[in-house]
Protein chains: 2
Amino acid sequence: MGQSASRPALTREAIVAAALDLVGRRGVEAVSMRTVADAFGTGPASIYRHVSGKDELLDLALDRVLAEVRTPPDGRDWRQALTEFAGEVRGALLRHGDIAAVAMSGRPVGGNSVRIAEALLATLRTAGFPDDVCAWALDRLSLYVTADALDTARKRLNERAGAEAVARHWAAVAEHYRNLSAQEFPHTTAMGQELFRGDPEGRFALGLGVFLDGLALQRR
Amino acid sequence: MGQSASRPALTREAIVAAALDLVGRRGVEAVSMRTVADAFGTGPASIYRHVSGKDELLDLALDRVLAEVRTPPDGRDWRQALTEFAGEVRGALLRHGDIAAVAMSGRPVGGNSVRIAEALLATLRTAGFPDDVCAWALDRLSLYVTADALDTARKRLNERAGAEAVARHWAAVAEHYRNLSAQEFPHTTAMGQELFRGDPEGRFALGLGVFLDGLALQRR
DNA sequence: GCTTGCTGCGAACGGTGTTCGCAGGAATCC
DNA sequence: GGATTCCTGCGAACACCGTTCGCAGCAAGC
């Protein structure tokens with residue numbers, strides 16, 4: 001029979017959606033079998049009827065996120081296509097907290113991951129790169145995008161959490177930097193607050209741009 | 001009085017060393033207050049007399065690892081200096097399991113981290129890069145090195161663990177790749193096992209090389 | 001109508017990080 | 001010398017975690 005009130009039905013998709021919602025609002029570490037089960041008003045054992053364990057649950061959540069990324073139309077300038085595509089993947093990951101942590105777990109990949117890899121390979125190969133370059137460029141680009149997404153997501157979450165304690169701690173770090181001995185750390189002190197300038201998106205774009213500049217030299 | 005047998009003394013340094021040893025042999029996830037305390041034949045509460053919690057313990061372990069990296073002598077070719085230095089940091093991290101996970105936690109940094117940053121800045125600035133380029137190049141290089149170290153360490157640990165189950169699973173993935181529809185995934189199938197070739201060190205060096213090639217264009 | 005199989009889930013097991021409070025010894029002070 | 005204060009070790013406990021077991025109850029099949 002139906003649920004007593006407006007409880008969502010206990011299906012695989014609904015469970016993954018609940019986990020993903022939790023990731024987006026409180027981070028991967030807030031996902032537990034119990035917190036997910038709470039969204040359905042039940043206990044953790046119920047989840048195991050639809051999912052083999054926590055790892056599979058998170059893998060499914062990641063694949064659901066990657067389903068959001070739209071594959072780029074090919075035929076345009078490869079550099080712009082790669083830039084937009086990398087931003088698209090990063091954006092999808094960052095829209096869901098630190099879900100990128102799952103992508104860096106080293107576990108086998110899901111279906112949407114190979115779909116994205118295919119699109120990346122298509123862009124690289126039609127751009128005229130040799131196959132071996134395509135292979136490791138795909139590898140390095142994926143690593144860079146997920147690592148950046150994880151890094152900026154974690155910093156966001158850390159800020160949102162202990163807004164009081166963490167902000168003060170970072171202020172203390174900045175203060176510590178200011179007080180560094182100019183003899184022992186001449187360059188660090190000379191750069192001043194230049195080190196702390198720039199938003200995460202700018203840093204990502206600059207790093208990607210430099211990588212693509214270097215990649216262009218590998219064309220043949 | 002002394003310990004009853006050959007138990008190491010319960011000092012801050014010994015505790016960090018025990019935790020680090022555990023990280024190196026079984027990975028970060030094997031570190032618990034109890035497993036660390038076991039090395040001293042005691043319970044978890046004893047650890048808290050010398051360390052404020054698990055986070056600080058891991059941060060101290062990471063800083064101890066970073067103490068191993070030797071700073072490069074400057075005045076040489078900046079490209080070669082950066083290549084060797086990046087390899088030095090990566091090597092230190094990989095010598096201790098997946099300790100790089102701690103470096104990607106987004107928590108405030110330790111003393112040896114700013115020492116390394118200073119050395120990197122020194123190389124970049126004396127090479128003639130503008131200050132703003134130095135700032136984000138430092139940021140991106142650090143991210144790339146720690147992300148690569150984390151990625152390859154995790155893959156190593158995963159292999160060492162379920163040698164039976166995981167190897168079979170990866171074989172299944174490779175088989176799955178072979179069986180992908182050539183219509184839906186033309187490039188992926190056309191590349192064949194080119195995608196799986198190359199050792200981690202080679203991938204790291206190629207990605208770094210491309211980044212440095214691109215960075216060279218930012219010189220002024 | 002009886003059986004089979006699937007879904008929900010209460011209870012429990014062994015693990016985790018962390019806190020409390022009590023010992024006992026060393027150092028300090030009168 | 002005796003009393004007091006501080007520091008270190010640690011047994012016990014709390015709240016939480018992932019996961020398993022086994023028992024209900026209901027739907028479909030024969």
# chains A, B, ... in the order shown; residues from 1 in each chain; ligands from 1
$ interface_residues --of "chain B" --to "chain C" --cutoff "8 Å" --atoms "only C-alpha atoms (C1' of nucleotides)" --output "list in words"
Ser32, Met33 and Lys54 of chain B
$ closest_atom_pairs --of "chain B" --to "chain A" --cutoff "8 Å" --atoms "only C-alpha atoms" --output "CSV"
residue,atom,partner,partner_atom,distance
B:Met104,CA,A:Asp151,CA,6.7
B:Ser105,CA,A:Arg154,CA,7.0
B:Gly106,CA,A:Lys155,CA,5.7
B:Arg107,CA,A:Asn158,CA,8.0
B:Pro108,CA,A:Trp170,CA,7.0
B:Arg115,CA,A:Phe185,CA,7.7
B:Ala117,CA,A:Thr188,CA,7.7
B:Glu118,CA,A:Thr188,CA,5.6
B:Leu121,CA,A:His187,CA,6.3
B:Ala122,CA,A:His187,CA,6.0
B:Arg125,CA,A:His187,CA,7.9
B:Asp131,CA,A:Met191,CA,7.0
B:Asp132,CA,A:Glu194,CA,6.6
B:Ala135,CA,A:Leu195,CA,5.2
B:Trp136,CA,A:Arg203,CA,6.4
B:Ala137,CA,A:Gly207,CA,7.4
B:Arg140,CA,A:Gly207,CA,6.1
B:Leu143,CA,A:Ala147,CA,7.3
B:Tyr144,CA,A:Tyr144,CA,6.8
B:Ala147,CA,A:Ala147,CA,6.0
B:Asp148,CA,A:Leu143,CA,7.5
B:Asp151,CA,A:Met104,CA,6.7
B:Arg154,CA,A:Gly106,CA,6.0
B:Lys155,CA,A:Gly106,CA,5.8
B:Asn158,CA,A:Gly106,CA,7.6
B:His169,CA,A:Pro108,CA,7.8
B:Trp170,CA,A:Pro108,CA,7.1
B:Val173,CA,A:Pro108,CA,7.4
B:Phe185,CA,A:Glu118,CA,6.1
B:Pro186,CA,A:Glu118,CA,7.9
B:His187,CA,A:Ala122,CA,6.1
B:Thr188,CA,A:Glu118,CA,5.6
B:Met191,CA,A:Asp131,CA,6.9
B:Glu194,CA,A:Asp132,CA,6.6
B:Leu195,CA,A:Ala135,CA,5.2
B:Arg203,CA,A:Trp136,CA,6.4
B:Leu206,CA,A:Trp136,CA,7.9
B:Gly207,CA,A:Arg140,CA,6.1
B:Gly209,CA,A:Gly214,CA,8.0
B:Val210,CA,A:Gly214,CA,4.5
B:Phe211,CA,A:Phe211,CA,4.6
B:Leu212,CA,A:Gly214,CA,7.2
B:Asp213,CA,A:Gly214,CA,4.8
B:Gly214,CA,A:Gly214,CA,4.0
B:Leu215,CA,A:Val210,CA,5.8
$ interface_residues --of "chain D" --to "chain A" --cutoff "9 Å" --atoms "only C-alpha atoms (C1' of nucleotides)" --output "list in words"
DC17, DG18, DT19 and DT20 of chain D
$ write_last_selection --atoms "N, CA and C atoms (P, O5', C5', C4', C3', O3' and C1' of nucleotides)" --output "short mmCIF file (atom, residue, chain, number, x, y, z; two decimals), in the first residue's frame"
data_model
loop_
_atom_site.label_atom_id
_atom_site.label_comp_id
_atom_site.auth_asym_id
_atom_site.auth_seq_id
_atom_site.Cartn_x
_atom_site.Cartn_y
_atom_site.Cartn_z
P DC D 17 25.57 8.51 11.80
"O5'" DC D 17 26.56 7.34 11.36
"C5'" DC D 17 27.90 7.69 11.00
"C4'" DC D 17 28.72 6.42 10.82
"C3'" DC D 17 28.08 5.39 9.90
"O3'" DC D 17 28.41 5.71 8.56
"C1'" DC D 17 29.07 4.36 11.84
P DG D 18 27.56 5.00 7.39
"O5'" DG D 18 28.17 3.52 7.36
"C5'" DG D 18 29.47 3.32 6.88
"C4'" DG D 18 29.77 1.83 6.78
"C3'" DG D 18 28.87 1.08 5.80
"O3'" DG D 18 29.65 0.09 5.12
"C1'" DG D 18 28.56 0.22 7.99
P DT D 19 28.97 -0.81 3.95
"O5'" DT D 19 28.42 -2.05 4.79
"C5'" DT D 19 29.33 -2.76 5.63
"C4'" DT D 19 28.58 -3.82 6.42
"C3'" DT D 19 27.59 -4.65 5.59
"O3'" DT D 19 28.07 -5.99 5.51
"C1'" DT D 19 26.74 -4.07 7.74
P DT D 20 27.21 -7.11 4.70
"O5'" DT D 20 26.47 -7.88 5.89
"C5'" DT D 20 27.22 -8.28 7.03
"C4'" DT D 20 26.34 -9.08 7.97
"C3'" DT D 20 25.40 -10.08 7.30
"O3'" DT D 20 25.48 -11.32 7.99
"C1'" DT D 20 24.17 -8.63 8.71
#
$ atom_distance --atom1 "CA of Arg219 in chain A" --atom2 "CA of Phe129 in chain A"
5.1 Å
$ select_by_dssp --residues "range 72-191 of chain A" --states "helix (DSSP H, G or I)" --output "ChimeraX atom specification"
/A:78-94,100-103,111-126,131-161,165-178,186-191
